[in-house]
>>> print(open('final-v8.csv').read())   # CSV, C-alpha atoms
chain,number,residue,atom,x,y,z
A,1,MET,CA,204.6,44.6,121.9
A,2,HIS,CA,200.8,44.2,121.8
A,3,ILE,CA,201.1,40.6,123.1
A,4,PHE,CA,203.1,41.7,126.2
A,5,ALA,CA,201.1,44.9,126.9
A,6,PRO,CA,198.3,43.2,129.0
A,7,LEU,CA,200.9,41.3,131.0
A,8,LEU,CA,202.9,44.5,131.7
A,9,THR,CA,199.7,46.1,132.9
A,10,ILE,CA,198.9,43.3,135.2
A,11,LEU,CA,202.5,43.3,136.7
A,12,MET,CA,202.3,47.1,137.2
A,13,LYS,CA,199.0,46.6,139.1
A,14,LEU,CA,200.5,43.8,141.2
A,15,ASP,CA,203.5,46.1,142.1
A,16,ARG,CA,201.1,48.9,143.1
A,17,THR,CA,199.0,46.4,145.1
A,18,LEU,CA,202.1,45.1,147.0
A,19,GLU,CA,203.3,48.7,147.6
A,20,ASP,CA,199.9,49.6,149.0
A,21,GLN,CA,199.9,46.6,151.3
A,22,ILE,CA,203.3,47.5,152.7
A,23,LYS,CA,202.2,51.0,153.3
A,24,GLU,CA,199.0,49.8,155.0
A,25,LEU,CA,200.9,47.4,157.3
A,26,GLY,CA,203.3,50.2,158.3
A,27,ASP,CA,205.0,49.1,161.6
A,28,ASP,CA,202.5,46.4,162.4
A,29,HIS,CA,204.2,43.1,163.3
A,30,VAL,CA,202.4,40.6,161.0
A,31,SER,CA,203.6,37.1,160.3
A,32,ALA,CA,201.6,34.0,159.5
A,33,ALA,CA,204.5,31.7,158.9
A,34,ILE,CA,205.7,29.3,161.7
A,35,ASP,CA,208.9,28.6,159.7
A,36,THR,CA,211.3,31.4,159.0
A,37,PRO,CA,210.6,32.6,155.4
A,38,LEU,CA,213.5,31.4,153.2
A,39,ARG,CA,213.9,31.2,149.5
A,40,GLU,CA,214.7,27.8,147.9
A,41,ASP,CA,218.2,29.0,146.9
A,42,ALA,CA,219.0,30.3,150.4
A,43,PHE,CA,222.0,28.1,150.8
A,44,LEU,CA,223.5,28.0,147.4
A,45,LEU,CA,226.1,30.6,148.3
A,46,ASN,CA,228.8,29.8,150.9
A,47,ASP,CA,229.5,32.1,153.8
A,48,GLY,CA,232.4,33.8,152.0
A,49,GLU,CA,230.3,34.6,148.9
A,50,LYS,CA,227.5,36.0,151.1
A,51,ILE,CA,230.0,38.2,153.0
A,52,ASP,CA,231.4,39.6,149.8
A,53,ILE,CA,228.0,40.5,148.4
A,54,ILE,CA,226.7,42.0,151.7
A,55,GLN,CA,229.9,44.0,152.2
A,56,LYS,CA,229.4,45.7,148.8
A,57,ASN,CA,225.8,46.5,149.6
A,58,VAL,CA,226.6,47.9,153.1
A,59,LYS,CA,229.3,50.0,151.5
A,60,GLU,CA,226.7,51.4,149.0
A,61,ILE,CA,224.3,52.2,151.9
A,62,MET,CA,227.0,54.1,153.8
A,63,LEU,CA,228.1,56.0,150.7
A,64,THR,CA,224.5,56.9,150.0
A,65,LEU,CA,224.2,58.3,153.5
A,66,GLY,CA,227.2,60.5,152.7
A,67,LEU,CA,229.7,58.8,155.0
A,68,ASP,CA,233.4,59.0,154.2
A,69,LEU,CA,234.7,55.5,154.0
A,70,GLU,CA,238.3,56.7,153.7
A,71,ASP,CA,238.1,57.6,157.4
A,72,ASP,CA,240.1,55.1,159.6
A,73,SER,CA,237.0,54.4,161.8
A,74,LEU,CA,234.7,53.6,158.9
A,75,MET,CA,236.7,51.9,156.2
A,76,GLY,CA,236.4,48.5,157.8
A,77,THR,CA,232.7,48.8,158.7
A,78,PRO,CA,231.2,47.2,155.6
A,79,ASN,CA,233.3,44.0,156.1
A,80,ARG,CA,232.6,43.9,159.8
A,81,VAL,CA,228.9,44.3,159.3
A,82,ALA,CA,228.9,41.6,156.6
A,83,LYS,CA,230.7,39.1,158.8
A,84,MET,CA,228.5,39.9,161.7
A,85,PHE,CA,225.3,39.3,159.6
A,86,VAL,CA,226.5,35.9,158.2
A,87,LYS,CA,228.5,34.5,161.1
A,88,GLU,CA,226.7,36.0,164.2
A,89,ILE,CA,223.4,37.7,164.4
A,90,PHE,CA,221.9,35.8,161.4
A,91,GLY,CA,223.9,32.6,161.9
A,92,GLY,CA,220.8,30.7,162.9
A,93,LEU,CA,219.4,30.8,159.4
A,94,HIS,CA,221.7,27.9,158.3
A,95,PRO,CA,220.5,24.4,159.3
A,96,ASP,CA,224.2,23.3,159.6
A,97,ARG,CA,224.5,25.4,162.7
A,98,LYS,CA,221.5,23.8,164.4
A,99,PRO,CA,222.7,22.5,167.8
A,100,LYS,CA,222.9,18.7,168.2
A,101,SER,CA,220.6,17.9,171.2
A,102,SER,CA,221.5,14.5,172.6
A,103,THR,CA,219.0,13.1,175.0
A,104,PHE,CA,219.5,10.9,178.0
A,105,GLU,CA,217.4,8.4,179.9
A,106,ASN,CA,215.5,9.8,182.8
A,107,LYS,CA,217.1,7.4,185.2
A,108,TYR,CA,215.9,9.4,188.3
A,109,LYS,CA,212.3,9.0,187.1
A,110,TYR,CA,211.8,12.7,187.8
A,111,GLY,CA,208.2,13.3,186.9
A,112,GLU,CA,207.8,17.0,187.7
A,113,MET,CA,208.4,19.9,185.4
A,114,LEU,CA,212.0,21.0,184.8
A,115,VAL,CA,212.3,24.8,184.4
A,116,GLU,CA,215.2,26.7,182.9
A,117,LYS,CA,214.5,30.4,183.4
A,118,ASN,CA,216.2,33.7,182.6
A,119,ILE,CA,217.9,32.5,179.4
A,120,THR,CA,219.5,35.6,177.8
A,121,LEU,CA,218.1,36.2,174.4
A,122,TYR,CA,219.4,38.4,171.6
A,123,SER,CA,217.5,38.4,168.3
A,124,THR,CA,216.7,40.8,165.5
A,125,CYS,CA,213.3,42.2,164.5
A,126,GLU,CA,212.6,41.2,160.9
A,127,HIS,CA,210.7,44.4,160.2
A,128,HIS,CA,213.4,46.9,160.9
A,129,LEU,CA,216.5,44.7,161.6
A,130,LEU,CA,216.9,46.2,165.0
A,131,PRO,CA,217.7,44.2,168.2
A,132,ILE,CA,215.3,42.2,170.3
A,133,VAL,CA,216.8,41.7,173.8
A,134,GLY,CA,215.2,39.7,176.6
A,135,LYS,CA,214.8,36.5,178.6
A,136,ALA,CA,213.3,33.1,177.7
A,137,HIS,CA,211.9,30.8,180.2
A,138,ILE,CA,211.5,27.1,179.3
A,139,ALA,CA,209.9,24.1,181.0
A,140,TYR,CA,209.2,20.5,180.0
A,141,ILE,CA,207.9,17.3,181.6
A,142,SER,CA,209.9,14.2,180.8
A,143,LYS,CA,208.3,11.2,179.1
A,144,GLY,CA,211.4,9.1,179.6
A,145,THR,CA,214.2,11.3,178.3
A,146,VAL,CA,215.9,14.5,179.4
A,147,VAL,CA,218.2,16.9,177.6
A,148,GLY,CA,221.3,18.7,178.8
A,149,LEU,CA,220.5,22.1,180.4
A,150,SER,CA,222.9,24.0,178.1
A,151,LYS,CA,221.2,22.5,175.1
A,152,MET,CA,218.1,24.5,175.9
A,153,ASN,CA,220.1,27.7,175.9
A,154,ARG,CA,221.7,26.7,172.6
A,155,ILE,CA,218.3,26.0,171.0
A,156,VAL,CA,217.1,29.5,172.1
A,157,ASP,CA,220.2,31.0,170.7
A,158,TYR,CA,220.0,29.2,167.4
A,159,PHE,CA,216.4,30.3,166.6
A,160,ALA,CA,217.0,33.8,168.0
A,161,LYS,CA,219.9,34.3,165.5
A,162,ARG,CA,217.8,35.1,162.5
A,163,PRO,CA,215.3,37.9,161.5
A,164,GLN,CA,212.5,37.1,163.9
A,165,VAL,CA,209.0,37.8,165.1
A,166,GLN,CA,208.7,37.0,168.8
A,167,GLU,CA,205.6,34.9,168.5
A,168,ARG,CA,207.3,32.7,165.9
A,169,LEU,CA,210.4,32.4,168.0
A,170,ASN,CA,208.3,31.1,170.9
A,171,ILE,CA,206.7,28.4,168.6
A,172,GLN,CA,210.0,27.4,167.0
A,173,ILE,CA,211.7,26.8,170.4
A,174,VAL,CA,208.8,24.8,171.7
A,175,LYS,CA,208.5,22.7,168.6
A,176,GLU,CA,212.2,21.9,168.5
A,177,LEU,CA,212.2,20.8,172.1
A,178,GLN,CA,209.0,18.7,171.6
A,179,ASP,CA,210.8,16.9,168.7
A,180,VAL,CA,214.0,16.4,170.7
A,181,LEU,CA,212.3,15.1,173.8
A,182,GLY,CA,209.5,13.2,172.2
A,183,THR,CA,206.8,14.9,174.3
A,184,ASP,CA,204.2,17.7,173.8
A,185,ASP,CA,204.7,18.8,177.4
A,186,VAL,CA,206.9,21.8,176.7
A,187,ALA,CA,206.3,25.5,177.4
A,188,CYS,CA,208.2,28.7,176.7
A,189,VAL,CA,207.6,32.3,177.8
A,190,ILE,CA,209.6,35.2,176.4
A,191,ASP,CA,209.8,38.7,177.8
A,192,ALA,CA,211.8,41.0,175.5
A,193,LYS,CA,212.4,44.6,174.5
A,194,HIS,CA,212.1,45.5,170.8
A,195,LEU,CA,214.4,48.4,169.9
A,196,CYS,CA,212.1,49.1,166.9
A,197,VAL,CA,209.7,50.3,169.6
A,198,ASN,CA,212.2,51.5,172.2
A,199,SER,CA,214.6,53.4,170.1
A,200,ARG,CA,212.5,54.6,167.1
A,201,GLY,CA,208.9,55.3,166.2
A,202,ILE,CA,207.0,55.7,169.5
A,203,ARG,CA,210.3,55.5,171.5
A,204,ASP,CA,208.7,53.8,174.5
A,205,VAL,CA,211.8,52.8,176.4
A,206,ASP,CA,209.9,51.1,179.2
A,207,SER,CA,207.6,48.7,177.3
A,208,SER,CA,208.4,45.0,176.7
A,209,THR,CA,206.6,42.3,174.9
A,210,VAL,CA,205.6,39.0,176.5
A,211,THR,CA,204.7,36.0,174.5
A,212,ALA,CA,204.0,32.4,175.4
A,213,GLU,CA,203.6,29.0,173.8
A,214,TYR,CA,202.2,26.1,175.8
A,215,GLY,CA,202.1,22.5,174.7
A,216,GLY,CA,200.5,19.3,176.1
A,217,ARG,CA,199.9,19.4,179.8
A,218,PHE,CA,201.0,23.1,180.0
A,219,LYS,CA,197.7,24.0,178.4
A,220,GLU,CA,196.1,23.0,181.7
A,221,GLU,CA,195.5,26.0,183.9
A,222,ALA,CA,197.1,24.5,187.1
A,223,MET,CA,200.2,23.4,185.2
A,224,ARG,CA,200.6,26.7,183.5
A,225,ARG,CA,200.2,28.5,186.8
A,226,GLU,CA,202.9,26.4,188.4
A,227,PHE,CA,205.3,27.2,185.6
A,228,LEU,CA,204.6,30.9,185.9
A,229,ASP,CA,205.2,30.7,189.7
A,230,TYR,CA,208.6,29.1,189.1
A,231,ILE,CA,209.5,32.0,186.7
A,232,ASN,CA,208.5,34.5,189.4
A,233,LEU,CA,210.7,33.0,192.0
A,234,GLU,CA,213.6,35.2,192.9
A,235,THR,CA,217.0,33.8,192.0
A,236,ASN,CA,219.7,35.4,194.2
A,237,PHE,CA,223.2,33.8,194.5
>>> encode(input="final-v8.csv", output="structure tokens")
Amino acid sequence: MHIFAPLLTILMKLDRTLEDQIKELGDDHVSAAIDTPLREDAFLLNDGEKIDIIQKNVKEIMLTLGLDLEDDSLMGTPNRVAKMFVKEIFGGLHPDRKPKSSTFENKYKYGEMLVEKNITLYSTCEHHLLPIVGKAHIAYISKGTVVGLSKMNRIVDYFAKRPQVQERLNIQIVKELQDVLGTDDVACVIDAKHLCVNSRGIRDVDSSTVTAEYGGRFKEEAMRREFLDYINLETNF
């Protein structure tokens, strides 16, 4: 017992330190990681095993809140939530679901920026697990290859379907397209509402968050301005 006493004291101090740090952060959105934080054993369980475990935990949460799970409307909720977490809103955590982005030769020799704007974005705030809803706007300048338009939507959707911080989402989308296209000349602007702000806490229903990531030539003021002008063009069909 005497041997382990100092170690227990240290661990207790570390626990208190971590708890103090969490309290100090409060609702602040802080993240230093470009990659989504994942444990090394993140994919040892298959989807079915994950659903079974999550279902049991959701059931416990609902019971703790005092809900009657014998009610017809509630009895299937734990399973529905578990499947939604694994298969849908957090489906982008698994690398096997990453979209295959085939590229094609830029036969038209198109040398101006290509902009895909108003890509609908649904994600989840990693601090409160509440929705992030908004639009992503992407642009790139070809260095010999192009990618199918729908692939850009799929890339946005893939990285959005995980617990996220908006700044990280911006970076992940741009980095992926840079790797796919073999060029640094990629930009992404995201304008989104965070329900952790809109529906709880301060409950500011009108505010939205705008973030941007510019690579290569998009760091030049003139190129960046041209991109933003394209975004602001009205699209009426």
>>> residues_around(input="final-v8.csv", residues="stretch 135-141 of chain A", least_positions_apart="6", cutoff="7 Å", atoms="all atoms listed in the file", output="list in words")
Gly111, Glu112, Met113, Leu114, Val115, Glu116, Lys117, Asn118, Ile119, Thr120, Leu121, Asp185, Val186, Ala187, Cys188, Val189, Ile190, Asp191 and Ala192 of chain A
>>> atom_distance(input="final-v8.csv", atom1="atom CA of A:Leu181", atom2="atom CA of A:Phe104")
9.3 Å
>>> residues_around(input="final-v8.csv", residues="stretch 160-164 of chain A", least_positions_apart="3", cutoff="9 Å", atoms="only C-alpha atoms", output="list in words")
Thr36, Glu88, Ile89, Phe90, Gly91, Gly92, Leu93, Leu121, Tyr122, Ser123, Thr124, Cys125, Glu126, His127, Leu129, Ile132, Ile155, Val156, Asp157, Glu167, Arg168 and Leu169 of chain A
>>> closest_residue(input="final-v8.csv", among="A:Glu40, A:Asp35, A:Glu220, A:Asp204", to="A:Lys175", atoms="all atoms listed in the file")
A:Asp35
>>> closest_residue(input="final-v8.csv", among="A:Ala42, A:Val165, A:Ala33, A:Val146", to="A:Val180", atoms="all atoms listed in the file")
A:Val146
>>> residues_around(input="final-v8.csv", residues="A:Ala82", least_positions_apart="3", cutoff="9 Å", atoms="all atoms listed in the file", output="compact mmCIF listing (two decimals) with C-alpha atoms, in the coordinates of the input")
# COMPACT_ATOMS: atom_id res chain seq x y z
CA LYS A 50 227.50 36.00 151.10
CA ILE A 51 230.00 38.20 153.00
CA ASP A 52 231.40 39.60 149.80
CA ILE A 53 228.00 40.50 148.40
CA ILE A 54 226.70 42.00 151.70
CA GLN A 55 229.90 44.00 152.20
CA LYS A 56 229.40 45.70 148.80
CA VAL A 58 226.60 47.90 153.10
CA THR A 77 232.70 48.80 158.70
CA PRO A 78 231.20 47.20 155.60
CA ASN A 79 233.30 44.00 156.10
CA PHE A 85 225.30 39.30 159.60
CA VAL A 86 226.50 35.90 158.20
CA LYS A 87 228.50 34.50 161.10
>>> atom_distance(input="final-v8.csv", atom1="atom CA of A:Leu228", atom2="atom CA of A:Arg203")
29.1 Å
>>> atom_distance(input="final-v8.csv", atom1="atom CA of A:Tyr158", atom2="atom CA of A:Thr145")
21.7 Å
>>> closest_residue(input="final-v8.csv", among="A:Pro99, A:Ala222, A:Glu105, A:Leu45", to="A:Glu176", atoms="only C-alpha atoms")
A:Pro99
